[in-house]
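J.: Got a structure here, written out as structure tokens. Questions coming.
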Amino acid sequence: MYKIFLVLSATVLQVLLPLRASAELYTLRVGSGHPAGPTAYVTVLRDYLVPELRRRVAEETEHELRIIEGYAGSIASVAETLEAVQIGILDIGGFCTCFEPAKLFIHNFQYFAPFGPQDAQVGIRIARQVYDTHPWLMEHLEENYRQTVIAINGWDNYHLGSSVSWETMDDLRGVKIAGAGPNLPWLESAGVIPVQSTLPDGYMALQTGVYSGWLMFPSAYFSYKFHEPAPYYTLIGFGAMGGAILVTMNTRSLDRLPSDVRQIVLEVGRSYEVEAGRVLDERQVLGLENLRNSGAVVRDLPDVVRADWARSLIDFPNEMAKEADSRGMPGSEVLRTYIEAVAQSGYDWPVPYIIN
């Protein structure tokens, strides 16, 4: 019996030792140009995606995951994150497609059809549907920028904050208003002077009069304290831009992970989308409540003015679709899918967008 025990023990050790030897520590660098806290998608990266990756890898595999986090531009700015992931400075990066108007032009499809879904969860689900229908969107990032989309996020509903009070579109003519980039044409149709800017620059620019307002969603407008220099917040409802935020991973970094860890990364990415939508909608409600409680002047834009604004942009989606087509991108197909998917969700567009 003693000899049998020795043989069995040796056999077990021979099986276990290779398993232990194959267990490795993997290091990932995760970051974004925006700060966690005031920026919802980065907060969910920090508070959900990162700890969930650590937890699941520790509980479900033989491996260990070490994650180095770098937000608020500590590794890459808002306009550098795509490139940081591409060259491997970041393994996982979160960024807005709005800061890549040339490289990711058609990935901004939701910006090209304003006055869309007002609910972030709906917007993100529809954006995911568009990505699944058009694999070109993901392949474009993989083939040209060496990164894989692991999650889609967005912004909550866009409205307009300003340091000046206004009632009609005519009141805004000649007023300088900031935006991220692809949403600036929303302003041009109203005679506004559009100014491209970023969230970290907003407070000082509003305070010093560089511009007089921001196209901004409630969660960030309050969190970045824009209501202090610009207390007038008008609810227009340009829409929650589902899909405007991408979380991508350097393809080589993803491929070097063991298959079980790689699968966890992809699964956590999908669950991040659900959590992100929930947080965005909560923050939208809380942001409006905080703005009102802080003394900001929050008002609804009259329906007739909103309708006039929407009509002024009726040709905008088709124009952007054709521009994307001219760049060798499937612009018409993507915009058509998005507009139809929104309508099928039960949401009524204020004007009929037609892609020729």
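In the structure tokens, each chain is lettered A, B, ... as it comes, each chain's residues begin at 1, and ligands are numbered from 1 in order of appearance.
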Would you list, as a ChimeraX atom specification, the residues of range 41-281 of chain A that end up in strand (DSSP E) under DSSP run on this structure's backbone?
T.: /A:64-70,92-96,147-153,157-162,176-179,193-196,213-216,232-240,245-250
J.: Go ahead and save the picked residues with N, CA and C atoms, as a short mmCIF file (atom, residue, chain, number, x, y, z; two decimals), in the first residue's frame.
T.:
```
data_model
loop_
_atom_site.label_atom_id
_atom_site.label_comp_id
_atom_site.auth_asym_id
_atom_site.auth_seq_id
_atom_site.Cartn_x
_atom_site.Cartn_y
_atom_site.Cartn_z
N GLU A 64 -2.57 35.32 -13.15
CA GLU A 64 -2.77 36.53 -12.36
C GLU A 64 -2.68 37.73 -13.28
N LEU A 65 -3.51 38.71 -13.03
CA LEU A 65 -3.55 39.90 -13.86
C LEU A 65 -3.12 41.11 -13.04
N ARG A 66 -2.11 41.80 -13.53
CA ARG A 66 -1.65 43.05 -12.92
C ARG A 66 -2.04 44.18 -13.86
N ILE A 67 -2.81 45.15 -13.36
CA ILE A 67 -3.32 46.22 -14.21
C ILE A 67 -2.77 47.56 -13.73
N ILE A 68 -2.13 48.27 -14.63
CA ILE A 68 -1.64 49.63 -14.37
C ILE A 68 -2.63 50.60 -15.00
N GLU A 69 -3.16 51.52 -14.20
CA GLU A 69 -4.18 52.44 -14.70
C GLU A 69 -3.61 53.84 -14.90
N GLY A 70 -4.02 54.47 -15.99
CA GLY A 70 -3.56 55.83 -16.27
C GLY A 70 -4.66 56.65 -16.93
N ILE A 92 -5.18 48.64 -23.18
CA ILE A 92 -6.61 48.91 -23.30
C ILE A 92 -6.83 50.40 -23.14
N GLY A 93 -7.56 50.99 -24.06
CA GLY A 93 -7.83 52.42 -23.99
C GLY A 93 -9.29 52.72 -24.27
N GLY A 94 -9.80 53.73 -23.59
CA GLY A 94 -11.15 54.22 -23.83
C GLY A 94 -11.08 55.62 -24.42
N PHE A 95 -11.84 55.87 -25.48
CA PHE A 95 -11.77 57.18 -26.13
C PHE A 95 -13.05 57.45 -26.91
N CYS A 96 -13.26 58.73 -27.19
CA CYS A 96 -14.41 59.14 -27.99
C CYS A 96 -14.00 59.18 -29.46
N GLN A 147 -5.99 47.23 -33.29
CA GLN A 147 -6.71 47.11 -32.03
C GLN A 147 -8.09 46.52 -32.24
N THR A 148 -8.55 45.84 -31.21
CA THR A 148 -9.83 45.14 -31.23
C THR A 148 -10.82 45.86 -30.33
N VAL A 149 -12.02 46.08 -30.83
CA VAL A 149 -13.08 46.69 -30.02
C VAL A 149 -13.58 45.66 -29.02
N ILE A 150 -13.40 45.94 -27.74
CA ILE A 150 -13.90 45.01 -26.72
C ILE A 150 -15.16 45.53 -26.05
N ALA A 151 -15.46 46.83 -26.22
CA ALA A 151 -16.69 47.37 -25.63
C ALA A 151 -17.09 48.66 -26.32
N ILE A 152 -18.39 48.92 -26.26
CA ILE A 152 -18.98 50.15 -26.79
C ILE A 152 -19.65 50.89 -25.65
N ASN A 153 -19.48 52.18 -25.64
CA ASN A 153 -20.14 53.01 -24.62
C ASN A 153 -20.65 54.25 -25.33
N ASN A 157 -27.62 62.24 -22.86
CA ASN A 157 -28.31 63.12 -23.82
C ASN A 157 -27.68 64.52 -23.92
N TYR A 158 -27.37 64.92 -25.14
CA TYR A 158 -26.76 66.23 -25.38
C TYR A 158 -27.79 67.36 -25.30
N HIS A 159 -27.43 68.40 -24.52
CA HIS A 159 -28.21 69.63 -24.44
C HIS A 159 -27.23 70.80 -24.61
N LEU A 160 -27.70 72.01 -24.36
CA LEU A 160 -26.85 73.18 -24.58
C LEU A 160 -26.78 74.05 -23.33
N GLY A 161 -25.58 74.19 -22.80
CA GLY A 161 -25.35 75.11 -21.68
C GLY A 161 -24.71 76.38 -22.19
N SER A 162 -25.05 77.51 -21.59
CA SER A 162 -24.52 78.78 -22.08
C SER A 162 -24.40 79.80 -20.96
N LYS A 176 -20.43 82.14 -29.88
CA LYS A 176 -19.46 81.06 -29.94
C LYS A 176 -19.84 79.95 -28.95
N ILE A 177 -20.02 78.74 -29.49
CA ILE A 177 -20.39 77.58 -28.67
C ILE A 177 -19.41 76.46 -28.97
N ALA A 178 -18.95 75.77 -27.94
CA ALA A 178 -17.98 74.69 -28.10
C ALA A 178 -18.66 73.33 -28.25
N GLY A 179 -17.94 72.44 -28.90
CA GLY A 179 -18.39 71.06 -29.06
C GLY A 179 -17.19 70.17 -29.31
N ILE A 193 -21.43 80.20 -34.04
CA ILE A 193 -20.02 80.05 -34.41
C ILE A 193 -19.47 78.86 -33.62
N PRO A 194 -19.23 77.72 -34.28
CA PRO A 194 -18.78 76.53 -33.56
C PRO A 194 -17.29 76.58 -33.23
N VAL A 195 -16.93 76.09 -32.06
CA VAL A 195 -15.54 76.05 -31.62
C VAL A 195 -15.25 74.64 -31.11
N GLN A 196 -14.24 74.00 -31.69
CA GLN A 196 -13.89 72.66 -31.21
C GLN A 196 -13.08 72.77 -29.93
N GLY A 213 -20.63 78.94 -24.53
CA GLY A 213 -21.48 77.78 -24.23
C GLY A 213 -20.85 76.48 -24.65
N TRP A 214 -21.52 75.40 -24.26
CA TRP A 214 -21.03 74.05 -24.57
C TRP A 214 -22.20 73.16 -24.95
N LEU A 215 -22.03 72.40 -26.02
CA LEU A 215 -22.94 71.29 -26.31
C LEU A 215 -22.54 70.16 -25.38
N MET A 216 -23.33 69.92 -24.35
CA MET A 216 -22.85 68.98 -23.34
C MET A 216 -24.01 68.27 -22.65
N TYR A 232 -26.95 78.85 -17.73
CA TYR A 232 -28.18 78.59 -18.49
C TYR A 232 -28.06 77.24 -19.21
N TYR A 233 -28.93 76.31 -18.84
CA TYR A 233 -28.87 74.96 -19.41
C TYR A 233 -30.21 74.65 -20.06
N THR A 234 -30.19 74.55 -21.39
CA THR A 234 -31.42 74.37 -22.16
C THR A 234 -31.53 72.94 -22.66
N LEU A 235 -32.64 72.29 -22.33
CA LEU A 235 -32.85 70.89 -22.70
C LEU A 235 -33.36 70.82 -24.14
N ILE A 236 -32.45 70.44 -25.03
CA ILE A 236 -32.78 70.34 -26.46
C ILE A 236 -33.02 68.90 -26.87
N GLY A 237 -32.23 67.98 -26.36
CA GLY A 237 -32.41 66.57 -26.70
C GLY A 237 -31.81 66.20 -28.04
N PHE A 238 -30.54 66.55 -28.26
CA PHE A 238 -29.87 66.12 -29.49
C PHE A 238 -29.65 64.61 -29.51
N GLY A 239 -29.75 63.99 -28.34
CA GLY A 239 -29.65 62.54 -28.28
C GLY A 239 -28.48 62.03 -27.46
N ALA A 240 -28.63 60.81 -26.96
CA ALA A 240 -27.55 60.11 -26.27
C ALA A 240 -26.73 59.39 -27.33
N ILE A 245 -18.25 56.18 -27.68
CA ILE A 245 -17.08 55.77 -26.91
C ILE A 245 -16.72 54.33 -27.27
N LEU A 246 -15.47 54.11 -27.58
CA LEU A 246 -14.98 52.75 -27.82
C LEU A 246 -13.93 52.40 -26.77
N VAL A 247 -13.98 51.17 -26.32
CA VAL A 247 -12.91 50.62 -25.49
C VAL A 247 -12.24 49.57 -26.35
N THR A 248 -10.98 49.80 -26.67
CA THR A 248 -10.26 48.90 -27.57
C THR A 248 -9.04 48.32 -26.89
N MET A 249 -8.57 47.20 -27.44
CA MET A 249 -7.37 46.57 -26.90
C MET A 249 -6.38 46.30 -28.02
N ASN A 250 -5.13 46.60 -27.79
CA ASN A 250 -4.09 46.30 -28.74
C ASN A 250 -4.19 44.82 -29.13
#
```
J.: Can you tell me which residues surround Arg283 in chain A at a distance of at most 10 Å, considering only C-alpha atoms, apart from same-chain residues fewer than 4 positions away, and format the answer as an mmCIF file with N, CA and C atoms, in the first residue's frame?
T.:
```cif
data_model
loop_
_atom_site.group_PDB
_atom_site.id
_atom_site.type_symbol
_atom_site.label_atom_id
_atom_site.label_comp_id
_atom_site.auth_asym_id
_atom_site.auth_seq_id
_atom_site.Cartn_x
_atom_site.Cartn_y
_atom_site.Cartn_z
ATOM 1 N N PRO A 38 -15.604 62.614 -12.905
ATOM 2 C CA PRO A 38 -16.565 63.421 -13.645
ATOM 3 C C PRO A 38 -16.963 62.827 -14.994
ATOM 4 N N THR A 39 -16.148 61.909 -15.543
ATOM 5 C CA THR A 39 -16.437 61.327 -16.851
ATOM 6 C C THR A 39 -16.927 59.897 -16.670
ATOM 7 N N ALA A 40 -18.182 59.655 -17.055
ATOM 8 C CA ALA A 40 -18.836 58.394 -16.726
ATOM 9 C C ALA A 40 -18.128 57.178 -17.315
ATOM 10 N N ASP A 156 -24.489 60.497 -22.331
ATOM 11 C CA ASP A 156 -25.911 60.709 -22.102
ATOM 12 C C ASP A 156 -26.373 61.870 -22.994
ATOM 13 N N PHE A 217 -23.762 67.030 -22.252
ATOM 14 C CA PHE A 217 -24.730 66.194 -21.547
ATOM 15 C C PHE A 217 -24.704 66.539 -20.057
ATOM 16 N N PRO A 218 -25.801 66.306 -19.340
ATOM 17 C CA PRO A 218 -25.920 66.739 -17.934
ATOM 18 C C PRO A 218 -24.845 66.174 -17.012
ATOM 19 N N SER A 219 -24.486 64.889 -17.193
ATOM 20 C CA SER A 219 -23.533 64.268 -16.266
ATOM 21 C C SER A 219 -22.221 65.046 -16.234
ATOM 22 N N ALA A 220 -21.727 65.426 -17.410
ATOM 23 C CA ALA A 220 -20.448 66.137 -17.460
ATOM 24 C C ALA A 220 -20.613 67.629 -17.205
ATOM 25 N N PHE A 222 -22.465 69.190 -15.153
ATOM 26 C CA PHE A 222 -22.408 69.454 -13.708
ATOM 27 C C PHE A 222 -21.065 69.017 -13.126
ATOM 28 N N SER A 223 -20.593 67.824 -13.495
ATOM 29 C CA SER A 223 -19.360 67.289 -12.898
ATOM 30 C C SER A 223 -18.154 68.174 -13.172
ATOM 31 N N GLY A 277 -24.234 51.755 -19.737
ATOM 32 C CA GLY A 277 -25.526 52.344 -20.080
ATOM 33 C C GLY A 277 -26.337 52.676 -18.843
ATOM 34 N N ARG A 278 -26.320 51.765 -17.876
ATOM 35 C CA ARG A 278 -27.062 52.001 -16.635
ATOM 36 C C ARG A 278 -26.517 53.219 -15.905
ATOM 37 N N VAL A 279 -25.195 53.305 -15.801
ATOM 38 C CA VAL A 279 -24.572 54.421 -15.095
ATOM 39 C C VAL A 279 -24.851 55.740 -15.807
ATOM 40 N N GLY A 287 -27.461 64.408 -12.829
ATOM 41 C CA GLY A 287 -26.856 65.642 -13.311
ATOM 42 C C GLY A 287 -27.859 66.770 -13.427
ATOM 43 N N LEU A 288 -29.037 66.473 -13.972
ATOM 44 C CA LEU A 288 -30.084 67.497 -14.081
ATOM 45 C C LEU A 288 -30.557 67.945 -12.701
ATOM 46 N N GLU A 289 -30.692 66.985 -11.806
ATOM 47 C CA GLU A 289 -31.117 67.316 -10.440
ATOM 48 C C GLU A 289 -30.081 68.210 -9.755
ATOM 49 N N ASN A 290 -28.820 67.868 -9.917
ATOM 50 C CA ASN A 290 -27.755 68.667 -9.294
ATOM 51 C C ASN A 290 -27.662 70.058 -9.904
#
```
J.: Any chance you could tabulate, as JSON lines, the residues of range 230-346 of chain A at most 9 Å from range 101-125 of chain A with each one's nearest atom pair and distance in Å to one decimal, using only C-alpha atoms, in chain and rising number order?
T.:
```
{"residue": "A:Ile236", "atom": "CA", "partner": "A:Phe115", "partner_atom": "CA", "distance": 8.5}
{"residue": "A:Gly237", "atom": "CA", "partner": "A:Phe115", "partner_atom": "CA", "distance": 6.0}
{"residue": "A:Phe238", "atom": "CA", "partner": "A:Phe115", "partner_atom": "CA", "distance": 4.1}
{"residue": "A:Gly239", "atom": "CA", "partner": "A:Gly116", "partner_atom": "CA", "distance": 4.7}
{"residue": "A:Ala240", "atom": "CA", "partner": "A:Gln118", "partner_atom": "CA", "distance": 5.2}
{"residue": "A:Met241", "atom": "CA", "partner": "A:Gln110", "partner_atom": "CA", "distance": 5.8}
{"residue": "A:Gly242", "atom": "CA", "partner": "A:Ile124", "partner_atom": "CA", "distance": 4.1}
{"residue": "A:Gly243", "atom": "CA", "partner": "A:Ile124", "partner_atom": "CA", "distance": 5.7}
{"residue": "A:Ala244", "atom": "CA", "partner": "A:Asn108", "partner_atom": "CA", "distance": 6.3}
{"residue": "A:Glu273", "atom": "CA", "partner": "A:Ile124", "partner_atom": "CA", "distance": 7.3}
{"residue": "A:Val274", "atom": "CA", "partner": "A:Gln121", "partner_atom": "CA", "distance": 7.4}
{"residue": "A:Ala276", "atom": "CA", "partner": "A:Gln121", "partner_atom": "CA", "distance": 8.0}
{"residue": "A:Gly277", "atom": "CA", "partner": "A:Gln121", "partner_atom": "CA", "distance": 4.3}
{"residue": "A:Arg278", "atom": "CA", "partner": "A:Gln121", "partner_atom": "CA", "distance": 6.3}
{"residue": "A:Val279", "atom": "CA", "partner": "A:Ala120", "partner_atom": "CA", "distance": 9.0}
{"residue": "A:Leu280", "atom": "CA", "partner": "A:Ala120", "partner_atom": "CA", "distance": 6.2}
{"residue": "A:Asp281", "atom": "CA", "partner": "A:Ala120", "partner_atom": "CA", "distance": 5.8}
{"residue": "A:Gln284", "atom": "CA", "partner": "A:Ala120", "partner_atom": "CA", "distance": 8.9}
{"residue": "A:Ala310", "atom": "CA", "partner": "A:Phe115", "partner_atom": "CA", "distance": 7.1}
{"residue": "A:Leu313", "atom": "CA", "partner": "A:Pro114", "partner_atom": "CA", "distance": 8.0}
{"residue": "A:Ile314", "atom": "CA", "partner": "A:Ala113", "partner_atom": "CA", "distance": 8.8}
{"residue": "A:Phe316", "atom": "CA", "partner": "A:Phe112", "partner_atom": "CA", "distance": 6.7}
{"residue": "A:Pro317", "atom": "CA", "partner": "A:Phe112", "partner_atom": "CA", "distance": 5.0}
{"residue": "A:Asn318", "atom": "CA", "partner": "A:Phe112", "partner_atom": "CA", "distance": 8.5}
{"residue": "A:Glu319", "atom": "CA", "partner": "A:Phe112", "partner_atom": "CA", "distance": 8.8}
{"residue": "A:Met320", "atom": "CA", "partner": "A:Phe112", "partner_atom": "CA", "distance": 6.4}
{"residue": "A:Ala321", "atom": "CA", "partner": "A:Ile106", "partner_atom": "CA", "distance": 7.9}
{"residue": "A:Ala324", "atom": "CA", "partner": "A:Ile106", "partner_atom": "CA", "distance": 6.0}
{"residue": "A:Arg327", "atom": "CA", "partner": "A:Phe105", "partner_atom": "CA", "distance": 8.9}
{"residue": "A:Met329", "atom": "CA", "partner": "A:Ile106", "partner_atom": "CA", "distance": 6.9}
{"residue": "A:Pro330", "atom": "CA", "partner": "A:Ile106", "partner_atom": "CA", "distance": 7.7}
{"residue": "A:Gly331", "atom": "CA", "partner": "A:Ile106", "partner_atom": "CA", "distance": 6.1}
{"residue": "A:Val334", "atom": "CA", "partner": "A:Phe109", "partner_atom": "CA", "distance": 7.3}
{"residue": "A:Leu335", "atom": "CA", "partner": "A:Phe109", "partner_atom": "CA", "distance": 6.1}
{"residue": "A:Tyr338", "atom": "CA", "partner": "A:Gln110", "partner_atom": "CA", "distance": 7.6}
{"residue": "A:Ile339", "atom": "CA", "partner": "A:Ala113", "partner_atom": "CA", "distance": 7.5}
{"residue": "A:Val342", "atom": "CA", "partner": "A:Pro117", "partner_atom": "CA", "distance": 7.1}
{"residue": "A:Ser345", "atom": "CA", "partner": "A:Val122", "partner_atom": "CA", "distance": 8.1}
```
J.: Suppose we keep N, CA and C atoms; can you now write the selection as a compact mmCIF listing (two decimals), in the first residue's frame?
T.:
```
# COMPACT_ATOMS: atom_id res chain seq x y z
N ILE A 236 -32.45 70.44 -25.03
CA ILE A 236 -32.78 70.34 -26.46
C ILE A 236 -33.02 68.90 -26.87
N GLY A 237 -32.23 67.98 -26.36
CA GLY A 237 -32.41 66.57 -26.70
C GLY A 237 -31.81 66.20 -28.04
N PHE A 238 -30.54 66.55 -28.26
CA PHE A 238 -29.87 66.12 -29.49
C PHE A 238 -29.65 64.61 -29.51
N GLY A 239 -29.75 63.99 -28.34
CA GLY A 239 -29.65 62.54 -28.28
C GLY A 239 -28.48 62.03 -27.46
N ALA A 240 -28.63 60.81 -26.96
CA ALA A 240 -27.55 60.11 -26.27
C ALA A 240 -26.73 59.39 -27.33
N MET A 241 -25.45 59.69 -27.40
CA MET A 241 -24.62 59.18 -28.49
C MET A 241 -24.07 57.79 -28.18
N GLY A 242 -24.93 56.78 -28.29
CA GLY A 242 -24.49 55.41 -28.11
C GLY A 242 -23.47 55.03 -29.16
N GLY A 243 -22.35 54.47 -28.74
CA GLY A 243 -21.30 54.08 -29.67
C GLY A 243 -20.24 55.12 -29.87
N ALA A 244 -20.42 56.31 -29.29
CA ALA A 244 -19.41 57.37 -29.45
C ALA A 244 -18.14 57.06 -28.68
N GLU A 273 -20.60 47.17 -21.26
CA GLU A 273 -21.57 47.95 -22.04
C GLU A 273 -22.88 48.11 -21.27
N VAL A 274 -23.33 47.03 -20.65
CA VAL A 274 -24.58 47.07 -19.88
C VAL A 274 -24.44 47.98 -18.67
N ALA A 276 -22.26 50.37 -18.25
CA ALA A 276 -22.03 51.74 -18.69
C ALA A 276 -23.34 52.44 -19.03
N GLY A 277 -24.23 51.76 -19.74
CA GLY A 277 -25.53 52.34 -20.08
C GLY A 277 -26.34 52.68 -18.84
N ARG A 278 -26.32 51.76 -17.88
CA ARG A 278 -27.06 52.00 -16.63
C ARG A 278 -26.52 53.22 -15.90
N VAL A 279 -25.19 53.30 -15.80
CA VAL A 279 -24.57 54.42 -15.09
C VAL A 279 -24.85 55.74 -15.81
N LEU A 280 -24.78 55.74 -17.13
CA LEU A 280 -25.02 56.96 -17.89
C LEU A 280 -26.43 57.49 -17.65
N ASP A 281 -27.41 56.61 -17.69
CA ASP A 281 -28.79 57.07 -17.48
C ASP A 281 -29.00 57.56 -16.05
N GLN A 284 -27.42 60.98 -15.89
CA GLN A 284 -28.18 62.01 -16.57
C GLN A 284 -29.25 62.59 -15.64
N ALA A 310 -34.41 70.75 -35.83
CA ALA A 310 -34.32 69.43 -36.47
C ALA A 310 -34.49 69.55 -37.99
N LEU A 313 -31.52 70.44 -40.04
CA LEU A 313 -30.49 69.40 -40.17
C LEU A 313 -31.00 68.18 -40.94
N ILE A 314 -32.11 68.32 -41.63
CA ILE A 314 -32.74 67.15 -42.26
C ILE A 314 -31.85 66.48 -43.30
N PHE A 316 -28.50 66.59 -43.24
CA PHE A 316 -27.18 66.34 -42.66
C PHE A 316 -26.78 64.86 -42.68
N PRO A 317 -27.63 63.92 -42.27
CA PRO A 317 -27.23 62.50 -42.30
C PRO A 317 -26.84 62.02 -43.70
N ASN A 318 -27.61 62.40 -44.70
CA ASN A 318 -27.31 61.97 -46.06
C ASN A 318 -26.00 62.57 -46.55
N GLU A 319 -25.76 63.83 -46.19
CA GLU A 319 -24.51 64.48 -46.59
C GLU A 319 -23.31 63.77 -45.98
N MET A 320 -23.42 63.40 -44.71
CA MET A 320 -22.31 62.71 -44.05
C MET A 320 -22.14 61.29 -44.58
N ALA A 321 -23.25 60.65 -44.93
CA ALA A 321 -23.16 59.31 -45.51
C ALA A 321 -22.40 59.35 -46.83
N ALA A 324 -18.70 59.91 -46.25
CA ALA A 324 -18.04 58.67 -45.86
C ALA A 324 -17.85 57.75 -47.06
N ARG A 327 -14.89 58.51 -49.00
CA ARG A 327 -13.64 58.15 -48.34
C ARG A 327 -13.39 56.65 -48.35
N MET A 329 -15.52 54.40 -47.20
CA MET A 329 -16.17 53.81 -46.03
C MET A 329 -17.63 53.51 -46.36
N PRO A 330 -18.24 52.51 -45.72
CA PRO A 330 -19.64 52.17 -46.01
C PRO A 330 -20.61 53.13 -45.33
N GLY A 331 -20.51 54.41 -45.67
CA GLY A 331 -21.30 55.43 -44.99
C GLY A 331 -22.79 55.27 -45.15
N VAL A 334 -24.11 52.13 -43.24
CA VAL A 334 -24.08 52.29 -41.79
C VAL A 334 -25.15 53.26 -41.32
N LEU A 335 -25.25 54.43 -41.96
CA LEU A 335 -26.27 55.42 -41.54
C LEU A 335 -27.66 54.88 -41.74
N TYR A 338 -28.42 52.42 -38.96
CA TYR A 338 -28.62 53.10 -37.69
C TYR A 338 -29.99 53.78 -37.63
N ILE A 339 -30.35 54.52 -38.64
CA ILE A 339 -31.62 55.24 -38.66
C ILE A 339 -32.80 54.27 -38.59
N VAL A 342 -33.03 52.66 -35.03
CA VAL A 342 -33.64 53.58 -34.07
C VAL A 342 -35.15 53.58 -34.23
N SER A 345 -36.77 50.58 -32.82
CA SER A 345 -36.76 50.52 -31.35
C SER A 345 -38.00 51.17 -30.75
```
J.: A:Ser326, A:Val30, A:Val57, A:Gln86: which is nearest Arg262 in chain A, counting only C-alpha atoms?
T.: A:Val57
J.: My list of candidates is A:Asn356, A:Asp308, A:Ser271, A:Trp186. Which is closest to Thr168 in chain A when distances are computed with only C-alpha atoms?
T.: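 Smallest separation from Thr168 in chain A among the options: A:Asp308.
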J.: From a DSSP pass on the backbone, collect the residues of range 13-156 of chain A flagged as alpha helix (DSSP H) and hand them back as a PyMOL selection string.
T.: chain A and resi 13-22+40-44+50-60+81-87+120-133+136-145
J.: Suppose you want the space between CA of Arg146 in chain A and CA of Ile87 in chain A; what is it in Å?
T.: 8.1 Å
J.: Check the smallest atom-to-atom distance from each of A:Gly269, A:Gly328, A:Gly37, A:Pro231 to Ser294 in chain A using only C-alpha atoms, then report the winner.
T.: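 Checking each of A:Gly269, A:Gly328, A:Gly37, A:Pro231 against Ser294 in chain A, counting only C-alpha atoms, the winner is A:Pro231.
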J.: Pick out the closest residue to Arg292 in chain A from this set: A:Glu267, A:Leu257, A:His227, A:Glu340. Count only C-alpha atoms.
T.: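 Between A:Glu267, A:Leu257, A:His227, A:Glu340, the residue approaching Arg292 in chain A most closely is A:His227.
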J.: Hey, which of A:His134, A:Ser259, A:Glu275, A:Arg55 ends up closest to Ser332 in chain A? Count only C-alpha atoms.
T.: A:His134
J.: Find the residues around Tyr71 in chain A up to 10 Å (only C-alpha atoms counted), leave out those fewer than 2 positions away in its own chain, and share them as a short mmCIF file (atom, residue, chain, number, x, y, z; two decimals) with C-alpha atoms, in the first residue's frame.
T.:
```
data_model
loop_
_atom_site.label_atom_id
_atom_site.label_comp_id
_atom_site.auth_asym_id
_atom_site.auth_seq_id
_atom_site.Cartn_x
_atom_site.Cartn_y
_atom_site.Cartn_z
CA VAL A 30 -5.48 50.61 -19.06
CA GLY A 31 -6.11 54.31 -19.60
CA SER A 32 -7.97 57.23 -21.09
CA GLY A 33 -7.44 60.92 -21.72
CA HIS A 34 -10.49 61.86 -19.64
CA PRO A 35 -10.47 61.65 -15.83
CA ALA A 36 -12.42 59.11 -13.84
CA VAL A 42 -13.82 56.32 -17.46
CA THR A 43 -15.40 55.86 -14.04
CA LEU A 45 -13.55 51.53 -16.62
CA ARG A 46 -11.99 52.15 -13.20
CA GLU A 69 -4.18 52.44 -14.70
CA GLY A 73 -4.12 62.06 -19.79
CA SER A 74 -1.40 60.64 -17.54
CA ILE A 75 -0.49 58.22 -20.34
CA ALA A 76 -2.32 59.60 -23.38
CA SER A 77 -4.57 62.59 -24.00
CA VAL A 78 -8.13 62.38 -25.34
CA GLY A 93 -7.83 52.42 -23.99
CA GLY A 94 -11.15 54.22 -23.83
#
```
